[in-house]
$ cat work02.tsv   # TSV, C-alpha atoms
chain	number	residue	atom	x	y	z
A	1	MET	CA	90.30	304.72	165.53
A	2	GLY	CA	89.18	301.27	166.60
A	3	PRO	CA	85.61	300.01	166.95
A	4	THR	CA	83.56	300.20	170.13
A	5	LEU	CA	81.17	297.72	171.72
A	6	GLU	CA	78.35	299.60	169.99
A	7	ASP	CA	80.04	298.92	166.63
A	8	VAL	CA	80.27	295.21	167.42
A	9	LEU	CA	76.62	295.10	168.45
A	10	ALA	CA	75.67	296.87	165.21
A	11	ALA	CA	77.74	294.34	163.26
A	12	GLN	CA	75.87	291.53	164.98
A	13	LYS	CA	72.59	292.95	163.65
A	14	THR	CA	74.10	293.37	160.19
A	15	LEU	CA	75.26	289.75	160.16
A	16	ALA	CA	71.93	288.30	161.31
A	17	GLY	CA	70.89	285.70	158.75
A	18	VAL	CA	74.28	285.92	157.01
A	19	ALA	CA	76.88	284.54	159.42
A	20	ARG	CA	76.04	281.43	161.38
A	21	VAL	CA	76.04	281.37	165.15
A	22	THR	CA	78.57	278.56	165.18
A	23	ALA	CA	78.42	275.66	167.60
A	24	MET	CA	80.43	275.37	170.78
A	25	GLU	CA	81.53	271.83	171.61
A	26	GLY	CA	83.01	270.57	174.86
A	27	SER	CA	86.27	268.62	174.75
A	28	ARG	CA	86.62	265.98	177.44
A	29	HIS	CA	90.19	265.20	176.43
A	30	LEU	CA	91.37	268.81	176.64
A	31	SER	CA	89.36	269.35	179.82
A	32	ARG	CA	91.18	266.45	181.49
A	33	LEU	CA	94.52	267.72	180.26
A	34	VAL	CA	93.96	271.31	181.41
A	35	GLY	CA	92.10	270.43	184.58
A	36	ALA	CA	89.20	272.74	183.74
A	37	PRO	CA	86.30	272.72	181.25
A	38	VAL	CA	87.45	273.40	177.68
A	39	HIS	CA	85.02	274.33	174.90
A	40	LEU	CA	85.72	274.62	171.17
A	41	LYS	CA	84.10	277.52	169.28
A	42	CYS	CA	83.69	276.00	165.83
A	43	GLU	CA	84.26	278.80	163.32
A	44	ASN	CA	85.61	276.10	161.01
A	45	LEU	CA	81.90	275.36	160.45
A	46	GLN	CA	81.15	278.97	159.53
A	47	ARG	CA	80.04	279.86	155.99
A	48	THR	CA	83.11	279.80	153.70
A	49	GLY	CA	84.84	277.68	156.35
A	50	SER	CA	86.23	280.48	158.53
A	51	PHE	CA	85.36	283.54	160.61
A	52	LYS	CA	86.49	285.91	157.84
A	53	VAL	CA	83.03	286.34	156.31
A	54	ARG	CA	81.96	288.23	159.46
A	55	GLY	CA	84.41	291.07	158.94
A	56	ALA	CA	84.17	291.10	155.16
A	57	TYR	CA	80.37	291.34	155.11
A	58	THR	CA	80.31	294.02	157.81
A	59	ARG	CA	82.83	296.12	155.86
A	60	ILE	CA	81.13	295.78	152.47
A	61	ALA	CA	77.65	296.31	153.90
A	62	GLY	CA	78.86	299.66	155.22
A	63	LEU	CA	79.87	301.00	151.79
A	64	THR	CA	77.92	303.74	150.11
A	65	VAL	CA	75.94	303.14	146.92
A	66	ALA	CA	78.66	304.88	144.91
A	67	GLU	CA	81.41	302.77	146.51
A	68	ARG	CA	79.53	299.55	145.86
A	69	ALA	CA	79.15	300.49	142.22
A	70	ARG	CA	82.95	300.73	141.88
A	71	GLY	CA	83.35	297.20	143.24
A	72	VAL	CA	85.69	295.82	145.86
A	73	VAL	CA	89.15	294.29	145.74
A	74	ALA	CA	91.01	292.10	148.21
A	75	ALA	CA	94.17	290.03	148.57
A	76	SER	CA	94.34	286.68	150.33
A	77	ALA	CA	95.69	283.15	150.19
A	78	GLY	CA	92.28	281.73	150.94
A	79	ASN	CA	90.03	282.50	153.91
A	80	HIS	CA	89.65	286.27	153.46
A	81	ALA	CA	89.33	285.70	149.70
A	82	GLN	CA	86.33	283.41	150.21
A	83	GLY	CA	84.81	285.71	152.83
A	84	VAL	CA	85.00	288.73	150.51
A	85	ALA	CA	83.72	286.74	147.54
A	86	LEU	CA	80.65	285.48	149.42
A	87	ALA	CA	79.91	288.82	151.08
A	88	ALA	CA	80.21	290.75	147.84
A	89	GLY	CA	78.00	288.24	146.05
A	90	LEU	CA	75.30	288.46	148.71
A	91	LEU	CA	75.35	292.26	148.49
A	92	GLY	CA	75.48	292.41	144.68
A	93	VAL	CA	78.93	294.04	144.60
A	94	PRO	CA	81.55	293.11	141.94
A	95	ALA	CA	84.65	291.62	143.59
A	96	THR	CA	88.20	291.05	142.40
A	97	VAL	CA	90.53	288.98	144.56
A	98	PHE	CA	94.29	288.77	144.10
A	99	MET	CA	95.82	285.51	145.31
A	100	PRO	CA	99.47	284.38	145.41
A	101	VAL	CA	100.60	281.96	142.75
A	102	GLY	CA	101.09	279.18	145.31
A	103	ALA	CA	97.60	279.44	146.84
A	104	PRO	CA	95.92	276.03	147.27
A	105	LEU	CA	93.76	275.08	144.29
A	106	PRO	CA	90.65	274.26	146.40
A	107	LYS	CA	90.73	277.80	147.86
A	108	ILE	CA	91.10	279.36	144.42
A	109	ALA	CA	88.20	277.29	143.09
A	110	ALA	CA	85.99	278.13	146.09
A	111	THR	CA	86.67	281.87	145.72
A	112	ARG	CA	85.65	281.73	142.07
A	113	ASP	CA	82.57	279.67	142.91
A	114	TYR	CA	81.42	282.39	145.32
A	115	GLY	CA	81.44	284.79	142.38
A	116	ALA	CA	84.69	286.75	142.61
A	117	GLU	CA	87.12	287.32	139.77
A	118	VAL	CA	90.42	285.74	140.84
A	119	ARG	CA	93.75	287.08	139.64
A	120	MET	CA	97.07	285.49	140.51
A	121	ALA	CA	99.79	287.90	141.59
A	122	GLY	CA	103.01	287.45	143.55
A	123	GLN	CA	104.47	284.55	145.48
A	124	VAL	CA	103.24	285.66	148.93
A	125	VAL	CA	100.18	287.52	150.22
A	126	ASP	CA	102.11	290.77	150.72
A	127	GLU	CA	102.86	290.85	146.99
A	128	SER	CA	99.22	290.07	146.20
A	129	LEU	CA	98.17	292.91	148.51
A	130	ALA	CA	100.44	295.33	146.63
A	131	ALA	CA	98.72	294.28	143.39
A	132	ALA	CA	95.30	294.75	145.02
A	133	LYS	CA	96.23	298.26	146.18
A	134	GLU	CA	97.43	299.17	142.68
A	135	HIS	CA	94.14	297.86	141.26
A	136	ALA	CA	92.18	299.95	143.77
A	137	GLU	CA	94.09	303.12	142.86
A	138	ARG	CA	93.68	302.49	139.14
A	139	THR	CA	90.00	301.49	139.09
A	140	GLY	CA	88.51	303.14	142.17
A	141	ALA	CA	87.53	299.76	143.67
A	142	VAL	CA	87.38	299.73	147.47
A	143	LEU	CA	90.15	297.72	149.13
A	144	ILE	CA	88.74	295.31	151.72
A	145	HIS	CA	91.66	294.75	154.06
A	146	PRO	CA	91.72	291.38	155.87
A	147	PHE	CA	92.21	292.92	159.33
A	148	ASP	CA	93.23	296.58	159.34
A	149	HIS	CA	89.86	298.35	159.34
A	150	ARG	CA	87.46	299.12	162.17
A	151	ASP	CA	84.45	297.57	160.40
A	152	VAL	CA	86.36	294.34	159.79
A	153	VAL	CA	87.46	294.22	163.43
A	154	ALA	CA	83.88	294.90	164.58
A	155	GLY	CA	82.57	292.04	162.44
A	156	GLN	CA	85.10	289.60	163.90
A	157	GLY	CA	84.13	290.83	167.37
A	158	THR	CA	80.71	289.24	167.04
A	159	ILE	CA	82.40	285.94	167.91
A	160	GLY	CA	83.10	287.39	171.34
A	161	LEU	CA	79.42	288.21	171.86
A	162	GLU	CA	78.48	284.65	170.92
A	163	ILE	CA	81.03	283.19	173.32
A	164	LEU	CA	79.58	285.20	176.21
A	165	GLU	CA	76.09	284.00	175.30
A	166	GLN	CA	77.05	280.35	174.82
A	167	CYS	CA	79.44	280.08	177.76
A	168	PRO	CA	78.57	282.82	180.29
A	169	GLU	CA	80.97	281.36	182.86
A	170	VAL	CA	84.02	281.61	180.52
A	171	ARG	CA	87.23	282.73	182.21
A	172	THR	CA	89.77	282.39	179.36
A	173	ILE	CA	89.46	282.77	175.59
A	174	VAL	CA	92.29	281.46	173.39
A	175	LEU	CA	92.49	282.35	169.70
A	176	GLY	CA	94.96	282.45	166.83
A	177	MET	CA	96.57	285.72	165.77
A	178	GLY	CA	97.97	286.87	162.46
A	179	GLY	CA	97.29	290.53	161.72
A	180	GLY	CA	95.22	290.74	164.90
A	181	GLY	CA	91.72	291.46	163.60
A	182	LEU	CA	90.07	288.49	165.31
A	183	ALA	CA	91.83	289.02	168.65
A	184	ALA	CA	91.11	292.75	168.60
A	185	GLY	CA	87.42	292.29	167.77
A	186	VAL	CA	86.88	289.66	170.43
A	187	ALA	CA	88.79	291.79	172.95
A	188	VAL	CA	86.61	294.84	172.27
A	189	ALA	CA	83.41	292.84	172.76
A	190	VAL	CA	84.46	290.71	175.71
A	191	LYS	CA	86.47	293.21	177.73
A	192	SER	CA	83.65	295.77	177.45
A	193	LEU	CA	81.19	293.33	179.02
A	194	ARG	CA	83.43	291.03	181.04
A	195	PRO	CA	86.77	292.70	181.85
A	196	ASP	CA	87.66	289.73	184.08
A	197	VAL	CA	87.90	287.34	181.13
A	198	ARG	CA	91.49	286.55	180.13
A	199	ILE	CA	92.25	286.71	176.40
A	200	VAL	CA	95.26	284.86	175.02
A	201	GLY	CA	96.48	285.26	171.45
A	202	VAL	CA	98.47	282.47	169.80
A	203	GLN	CA	101.03	282.91	167.04
A	204	ALA	CA	103.18	280.42	165.15
A	205	GLU	CA	106.82	280.61	166.20
A	206	GLY	CA	107.89	281.12	162.61
A	207	ALA	CA	105.49	284.04	162.01
A	208	ALA	CA	105.23	285.82	165.36
A	209	ALA	CA	105.16	289.54	164.66
A	210	TYR	CA	103.27	290.56	167.80
A	211	PRO	CA	105.79	289.83	170.59
A	212	ALA	CA	108.45	292.11	169.08
A	213	SER	CA	105.85	294.70	168.09
A	214	LEU	CA	104.35	294.83	171.58
A	215	ALA	CA	107.84	295.18	173.07
A	216	ALA	CA	108.57	298.04	170.67
A	217	GLY	CA	105.21	299.74	171.26
A	218	GLU	CA	104.40	299.84	167.55
A	219	PRO	CA	103.91	297.39	164.65
A	220	VAL	CA	107.23	295.93	163.54
A	221	ALA	CA	107.61	293.89	160.36
A	222	LEU	CA	109.27	290.48	160.37
A	223	ALA	CA	112.21	289.99	158.05
A	224	GLU	CA	111.07	286.49	157.15
A	225	MET	CA	108.36	283.97	158.00
A	226	SER	CA	107.99	280.21	157.82
A	227	THR	CA	104.99	278.24	159.08
A	228	MET	CA	102.42	275.75	157.88
A	229	ALA	CA	99.74	277.98	159.45
A	230	ASP	CA	99.18	280.25	156.46
A	231	GLY	CA	96.02	281.70	158.01
A	232	ILE	CA	98.11	283.48	160.68
A	233	GLN	CA	101.23	284.04	158.58
A	234	VAL	CA	101.24	287.84	158.67
A	235	GLY	CA	104.51	289.75	158.74
A	236	ARG	CA	103.29	292.97	160.36
A	237	PRO	CA	100.38	293.67	162.74
A	238	GLY	CA	97.66	296.00	161.52
A	239	GLU	CA	97.59	299.53	162.91
A	240	VAL	CA	93.95	299.32	163.99
A	241	PRO	CA	94.07	295.93	165.75
A	242	PHE	CA	97.53	296.55	167.24
A	243	ARG	CA	96.32	299.33	169.53
A	244	ILE	CA	93.44	297.18	170.77
A	245	VAL	CA	95.61	294.10	171.27
A	246	ALA	CA	98.20	296.12	173.18
A	247	GLU	CA	95.53	297.42	175.54
A	248	HIS	CA	93.13	294.52	175.94
A	249	VAL	CA	94.77	291.17	175.06
A	250	ASP	CA	96.29	289.77	178.23
A	251	GLU	CA	98.94	287.55	176.70
A	252	VAL	CA	100.45	286.51	173.37
A	253	CYS	CA	102.17	283.12	173.22
A	254	THR	CA	103.82	281.18	170.40
A	255	VAL	CA	103.57	277.52	169.38
A	256	SER	CA	105.88	275.26	167.40
A	257	GLU	CA	105.14	273.49	164.13
A	258	ASP	CA	105.06	270.20	166.05
A	259	ALA	CA	102.41	271.62	168.37
A	260	LEU	CA	100.33	272.89	165.44
A	261	SER	CA	100.42	269.43	163.86
A	262	ALA	CA	99.50	267.80	167.16
A	263	GLY	CA	96.61	270.26	167.64
A	264	LEU	CA	95.23	269.55	164.17
A	265	LEU	CA	95.52	265.81	164.75
A	266	LEU	CA	93.73	266.07	168.10
A	267	CYS	CA	90.84	268.05	166.57
A	268	LEU	CA	90.44	265.41	163.88
A	269	GLU	CA	90.77	262.32	166.08
A	270	ARG	CA	89.13	263.43	169.33
A	271	ALA	CA	86.67	266.18	168.29
A	272	LYS	CA	85.96	264.85	164.76
A	273	LEU	CA	86.55	268.36	163.42
A	274	VAL	CA	88.57	269.28	160.34
A	275	VAL	CA	90.58	272.43	161.01
A	276	GLU	CA	93.48	274.13	159.27
A	277	PRO	CA	96.78	274.64	161.13
A	278	SER	CA	95.95	278.24	162.05
A	279	GLY	CA	92.56	277.12	163.33
A	280	ALA	CA	94.29	274.52	165.50
A	281	SER	CA	96.70	277.06	167.04
A	282	PRO	CA	94.64	277.57	170.25
A	283	VAL	CA	94.54	273.79	170.78
A	284	ALA	CA	98.30	273.70	170.15
A	285	ALA	CA	98.73	276.27	172.93
A	286	LEU	CA	96.64	274.16	175.33
A	287	LEU	CA	98.69	271.06	174.49
A	288	SER	CA	101.99	272.90	174.84
A	289	ASP	CA	101.33	274.34	178.31
A	290	PRO	CA	98.09	272.97	179.80
A	291	GLU	CA	98.82	274.30	183.29
A	292	ALA	CA	98.81	277.87	181.95
A	293	PHE	CA	95.09	277.49	181.17
A	294	SER	CA	93.90	275.79	184.36
A	295	GLY	CA	91.79	278.83	185.28
A	296	GLY	CA	88.80	277.69	183.27
A	297	PRO	CA	86.34	277.40	181.75
A	298	VAL	CA	88.37	277.91	178.59
A	299	VAL	CA	87.02	278.63	175.10
A	300	ALA	CA	89.37	277.86	172.20
A	301	VAL	CA	88.32	279.48	168.91
A	302	LEU	CA	88.83	277.14	165.93
A	303	SER	CA	89.06	279.95	163.43
A	304	GLY	CA	88.95	278.00	160.18
A	305	GLY	CA	88.77	274.64	158.44
A	306	ASN	CA	89.91	275.44	154.90
A	307	VAL	CA	92.85	273.07	154.77
A	308	ASP	CA	94.27	271.89	151.47
A	309	PRO	CA	94.03	268.06	151.27
A	310	LEU	CA	97.73	267.72	150.43
A	311	LEU	CA	98.71	269.94	153.36
A	312	LEU	CA	96.33	267.98	155.59
A	313	GLU	CA	98.05	264.72	154.63
A	314	ARG	CA	101.53	266.14	155.34
A	315	THR	CA	100.40	267.77	158.57
A	316	LEU	CA	98.77	264.60	159.86
A	317	ARG	CA	101.94	262.64	159.19
A	318	HIS	CA	103.93	265.33	160.97
A	319	GLY	CA	101.48	265.36	163.86
A	320	MET	CA	101.61	261.59	164.25
A	321	ALA	CA	105.41	261.67	164.25
A	322	ALA	CA	105.43	264.48	166.82
A	323	ALA	CA	103.05	262.45	169.00
A	324	GLY	CA	105.37	259.44	168.88
A	325	ARG	CA	103.04	257.43	166.68
A	326	TYR	CA	105.71	256.46	164.12
A	327	LEU	CA	108.87	254.47	164.69
A	328	SER	CA	111.73	253.95	162.23
A	329	LEU	CA	114.04	251.01	162.90
A	330	ARG	CA	117.07	249.35	161.34
A	331	LEU	CA	117.89	245.79	162.38
A	332	ARG	CA	120.44	243.13	161.46
A	333	LEU	CA	119.06	239.67	160.74
A	334	PRO	CA	120.65	236.35	159.82
A	335	ASP	CA	120.33	235.72	156.09
A	336	ARG	CA	118.22	232.59	156.23
A	337	PRO	CA	114.67	231.69	155.17
A	338	GLY	CA	111.97	232.72	157.61
A	339	ALA	CA	114.06	235.33	159.48
A	340	LEU	CA	112.02	238.28	158.19
A	341	ALA	CA	108.73	236.46	158.79
A	342	ALA	CA	109.78	235.78	162.38
A	343	LEU	CA	110.58	239.47	162.92
A	344	LEU	CA	107.24	240.58	161.50
A	345	THR	CA	105.46	238.08	163.73
A	346	GLU	CA	107.27	239.50	166.76
A	347	LEU	CA	106.15	243.01	165.81
A	348	SER	CA	102.58	241.87	165.25
A	349	VAL	CA	102.44	240.25	168.69
A	350	ALA	CA	103.79	243.51	170.18
A	351	GLY	CA	100.95	245.49	168.53
A	352	ALA	CA	102.92	247.41	165.90
A	353	ASN	CA	101.48	248.14	162.46
A	354	VAL	CA	104.11	247.75	159.73
A	355	LEU	CA	103.86	250.55	157.16
A	356	ALA	CA	106.96	249.83	155.05
A	357	VAL	CA	109.79	247.30	154.84
A	358	ASN	CA	113.10	247.72	153.01
A	359	HIS	CA	115.21	244.55	152.80
A	360	VAL	CA	118.93	245.37	152.21
A	361	ARG	CA	121.27	242.52	151.20
A	362	THR	CA	124.09	244.22	149.27
A	363	ASP	CA	125.50	246.82	151.68
A	364	PRO	CA	129.29	246.33	152.08
A	365	ARG	CA	128.90	246.84	155.85
A	366	LEU	CA	126.98	243.56	156.07
A	367	GLY	CA	128.55	240.23	156.79
A	368	VAL	CA	128.24	237.36	154.35
A	369	SER	CA	125.37	235.82	156.33
A	370	GLU	CA	123.62	239.07	157.33
A	371	VAL	CA	120.83	241.23	155.95
A	372	GLU	CA	119.62	244.61	157.14
A	373	VAL	CA	115.94	245.50	157.44
A	374	GLU	CA	114.61	249.07	157.55
A	375	LEU	CA	111.10	249.31	159.03
A	376	GLN	CA	108.49	252.06	159.26
A	377	LEU	CA	106.03	251.27	162.05
A	378	GLU	CA	102.85	252.85	163.35
A	379	THR	CA	102.68	252.70	167.15
A	380	GLN	CA	100.28	253.68	169.90
A	381	GLY	CA	102.49	256.44	171.30
A	382	ARG	CA	105.83	257.09	172.98
A	383	ARG	CA	105.42	254.42	175.68
A	384	HIS	CA	104.54	251.81	173.06
A	385	ARG	CA	107.63	252.80	171.05
A	386	ALA	CA	109.84	252.15	174.07
A	387	GLU	CA	108.08	248.82	174.70
A	388	LEU	CA	108.66	247.75	171.08
A	389	ASN	CA	112.37	248.53	171.25
A	390	GLU	CA	112.71	246.60	174.51
A	391	ALA	CA	110.72	243.63	173.16
A	392	LEU	CA	112.98	243.38	170.11
A	393	ARG	CA	116.15	243.52	172.19
A	394	THR	CA	114.77	240.92	174.59
A	395	ALA	CA	114.03	238.66	171.61
A	396	GLY	CA	117.70	238.93	170.59
A	397	TYR	CA	117.43	241.33	167.68
A	398	GLN	CA	120.22	243.82	166.98
A	399	VAL	CA	118.50	247.21	166.77
A	400	LEU	CA	120.77	249.75	165.05
A	401	GLY	CA	118.53	252.82	165.31

$ encode --input "work02.tsv" --output "structure tokens"
Amino acid sequence: MGPTLEDVLAAQKTLAGVARVTAMEGSRHLSRLVGAPVHLKCENLQRTGSFKVRGAYTRIAGLTVAERARGVVAASAGNHAQGVALAAGLLGVPATVFMPVGAPLPKIAATRDYGAEVRMAGQVVDESLAAAKEHAERTGAVLIHPFDHRDVVAGQGTIGLEILEQCPEVRTIVLGMGGGGLAAGVAVAVKSLRPDVRIVGVQAEGAAAYPASLAAGEPVALAEMSTMADGIQVGRPGEVPFRIVAEHVDEVCTVSEDALSAGLLLCLERAKLVVEPSGASPVAALLSDPEAFSGGPVVAVLSGGNVDPLLLERTLRHGMAAAGRYLSLRLRLPDRPGALAALLTELSVAGANVLAVNHVRTDPRLGVSEVEVELQLETQGRRHRAELNEALRTAGYQVLG
């Protein structure tokens, strides 16, 4: 049985002084794009860096004295792990967290710093969860599921109450979906008080379990998953949130990896907010189909900011490429002194930033008096890329690709 509005209101009281009432920031850029006011609900600035502490604390706070004495156990690649670790520490409950072997080192370190015992198990979260369940059966520790429990869903639903308080005129709420706990909790809170508000869930194309599950009328597991958005990389919807999502979430859409990268880049450049790919998924949805969200005001929930620095670097490069901010060129030049300097001057005048140059002189395809230059350029966008190509051709350069 899922939570009610009363459960969400009770969770809000439980979380008072524990979870932050996170800021809501307007986005002029997204507002112009959508044609309606767009606000960002900054759960990336929540304690532990994501919304997960809300559900974890609500669940653990509801345990009996005997259950607390046995400790808690969880499985997660990062956000839920940190939420459980902090919540358990605040409540004086021993916590063990199983994490996959490939989990980012900063997330492992943060989970330990919050006081949990971390054990590595499996290559993916599902395998870590199996280890956590075995630990619970063997030791009597209480399993704190990341999304499939009514108390967890109720805790996440407190975000919905805050949105209604901070933006009473809201017409559409957009949020990322993995197992569905966040979407279900927000839907319970918002639809109970404002049934006219549209709720849109966003999944990564490579890990979209909900569309097929909703079509089938029951949770259906994906055979495989692949996405940079590990925070919403869940192969099967939870039983508890699925029923709520099916009844109360108006729409579930999917976004590409390019869109996720572009959303993360936009949050960083325009909003000055660090978010992880899953946290950027609502922004990715707005960028992918802005007209679909013109019935504003719109609130996009940035669910987390726990991004591994190495992943952030790769994602930013990917996002810049997807936005047309990089240009790779091969050109033929006469093999004479000053030819390369003249080319670089031409590019400088055209406003391109040269990132890398590879000067090829020994390729058998080249003539005796030719050299080939491979360039990596940073540009101002797709229009600038086209202008650069045209400027080079006008100047007489042979652009090969």

$ closest_residue --input "work02.tsv" --among "A:Gly35, A:Pro282, A:Gly140, A:Gly157" --to "Ala69 of chain A" --atoms "only C-alpha atoms"
A:Gly140

$ closest_atom_pairs --input "work02.tsv" --of "segment 2-95 of chain A" --to "segment 158-180 of chain A" --cutoff "10 Å" --atoms "all atoms listed in the file" --output "tab-separated table"
residue	atom	partner	partner_atom	distance
A:Leu5	CA	A:Leu161	CA	9.7
A:Asp7	CA	A:Thr158	CA	9.7
A:Val8	CA	A:Thr158	CA	6.0
A:Leu9	CA	A:Thr158	CA	7.3
A:Ala10	CA	A:Thr158	CA	9.3
A:Ala11	CA	A:Thr158	CA	7.0
A:Gln12	CA	A:Thr158	CA	5.7
A:Lys13	CA	A:Thr158	CA	9.5
A:Leu15	CA	A:Thr158	CA	8.8
A:Ala19	CA	A:Thr158	CA	9.7
A:Val21	CA	A:Glu162	CA	7.1
A:Thr22	CA	A:Glu162	CA	8.4
A:Ala23	CA	A:Gln166	CA	8.7
A:Met24	CA	A:Gln166	CA	7.2
A:Pro37	CA	A:Val170	CA	9.2
A:Val38	CA	A:Val170	CA	9.3
A:His39	CA	A:Cys167	CA	8.5
A:Leu40	CA	A:Val174	CA	9.7
A:Lys41	CA	A:Ile163	CA	7.6
A:Glu43	CA	A:Ile159	CA	8.7
A:Phe51	CA	A:Ile159	CA	8.2
A:Arg54	CA	A:Thr158	CA	7.7
A:Gly55	CA	A:Thr158	CA	9.1

$ axis_aligned_box --input "work02.tsv" --around "segment 379-396 of chain A" --padding-each-side "6 Å" --output "JSON"
{"center_x": 109.0, "center_y": 247.9, "center_z": 171.4, "size_x": 29.4, "size_y": 30.4, "size_z": 20.5}

$ residues_near_point --input "work02.tsv" --point "(103.1, 283.7, 172.8)" --cutoff "12 Å" --atoms "all atoms listed in the file" --output "JSON list (two decimals) with C-alpha atoms, in the frame of the given file"
[["chain", "number", "residue", "atom", "x", "y", "z"],
["A", 174, "VAL", "CA", 92.29, 281.46, 173.39],
["A", 175, "LEU", "CA", 92.49, 282.35, 169.70],
["A", 176, "GLY", "CA", 94.96, 282.45, 166.83],
["A", 177, "MET", "CA", 96.57, 285.72, 165.77],
["A", 178, "GLY", "CA", 97.97, 286.87, 162.46],
["A", 199, "ILE", "CA", 92.25, 286.71, 176.40],
["A", 200, "VAL", "CA", 95.26, 284.86, 175.02],
["A", 201, "GLY", "CA", 96.48, 285.26, 171.45],
["A", 202, "VAL", "CA", 98.47, 282.47, 169.80],
["A", 203, "GLN", "CA", 101.03, 282.91, 167.04],
["A", 204, "ALA", "CA", 103.18, 280.42, 165.15],
["A", 205, "GLU", "CA", 106.82, 280.61, 166.20],
["A", 206, "GLY", "CA", 107.89, 281.12, 162.61],
["A", 207, "ALA", "CA", 105.49, 284.04, 162.01],
["A", 208, "ALA", "CA", 105.23, 285.82, 165.36],
["A", 209, "ALA", "CA", 105.16, 289.54, 164.66],
["A", 210, "TYR", "CA", 103.27, 290.56, 167.80],
["A", 211, "PRO", "CA", 105.79, 289.83, 170.59],
["A", 212, "ALA", "CA", 108.45, 292.11, 169.08],
["A", 214, "LEU", "CA", 104.35, 294.83, 171.58],
["A", 249, "VAL", "CA", 94.77, 291.17, 175.06],
["A", 250, "ASP", "CA", 96.29, 289.77, 178.23],
["A", 251, "GLU", "CA", 98.94, 287.55, 176.70],
["A", 252, "VAL", "CA", 100.45, 286.51, 173.37],
["A", 253, "CYS", "CA", 102.17, 283.12, 173.22],
["A", 254, "THR", "CA", 103.82, 281.18, 170.40],
["A", 255, "VAL", "CA", 103.57, 277.52, 169.38],
["A", 256, "SER", "CA", 105.88, 275.26, 167.40],
["A", 281, "SER", "CA", 96.70, 277.06, 167.04],
["A", 282, "PRO", "CA", 94.64, 277.57, 170.25],
["A", 284, "ALA", "CA", 98.30, 273.70, 170.15],
["A", 285, "ALA", "CA", 98.73, 276.27, 172.93],
["A", 286, "LEU", "CA", 96.64, 274.16, 175.33],
["A", 288, "SER", "CA", 101.99, 272.90, 174.84],
["A", 289, "ASP", "CA", 101.33, 274.34, 178.31],
["A", 292, "ALA", "CA", 98.81, 277.87, 181.95]]

$ residues_around --input "work02.tsv" --residues "Gly305 of chain A" --least-positions-apart "5" --cutoff "7 Å" --atoms "all atoms listed in the file" --output "list of chain:residue names"
A:Asn44, A:Gly49, A:Ser50, A:Val274, A:Val275, A:Glu276, A:Gly279

$ residues_around --input "work02.tsv" --residues "Glu374 of chain A" --least-positions-apart "2" --cutoff "9 Å" --atoms "only C-alpha atoms" --output "ChimeraX atom specification"
/A:328-331,356-360,372,376

$ closest_residue --input "work02.tsv" --among "A:Ala321, A:Asn389, A:Ala246, A:Leu266" --to "Ala215 of chain A" --atoms "all atoms listed in the file"
A:Ala246

$ residues_around --input "work02.tsv" --residues "Leu388 of chain A" --least-positions-apart "2" --cutoff "8 Å" --atoms "only C-alpha atoms" --output "JSON, numbers by chain"
{"A": [347, 350, 352, 384, 385, 386, 390, 391, 392]}

$ write_last_selection --input "work02.tsv" --atoms "C-alpha atoms" --output "PDB file, in the frame of the given file"
ATOM      1  CA  LEU A 347     106.150 243.010 165.810  1.00  0.00           C
ATOM      2  CA  ALA A 350     103.790 243.510 170.180  1.00  0.00           C
ATOM      3  CA  ALA A 352     102.920 247.410 165.900  1.00  0.00           C
ATOM      4  CA  HIS A 384     104.540 251.810 173.060  1.00  0.00           C
ATOM      5  CA  ARG A 385     107.630 252.800 171.050  1.00  0.00           C
ATOM      6  CA  ALA A 386     109.840 252.150 174.070  1.00  0.00           C
ATOM      7  CA  GLU A 390     112.710 246.600 174.510  1.00  0.00           C
ATOM      8  CA  ALA A 391     110.720 243.630 173.160  1.00  0.00           C
ATOM      9  CA  LEU A 392     112.980 243.380 170.110  1.00  0.00           C
TER      10      LEU A 392
END

$ atom_distance --input "work02.tsv" --atom1 "atom CA of Phe242 of chain A" --atom2 "atom CA of Gly2 of chain A"
9.6 Å

$ atom_distance --input "work02.tsv" --atom1 "atom CA of Gly324 of chain A" --atom2 "atom CA of Met225 of chain A"
27.0 Å

$ atom_distance --input "work02.tsv" --atom1 "atom CA of Gly102 of chain A" --atom2 "atom CA of Ala130 of chain A"
16.2 Å
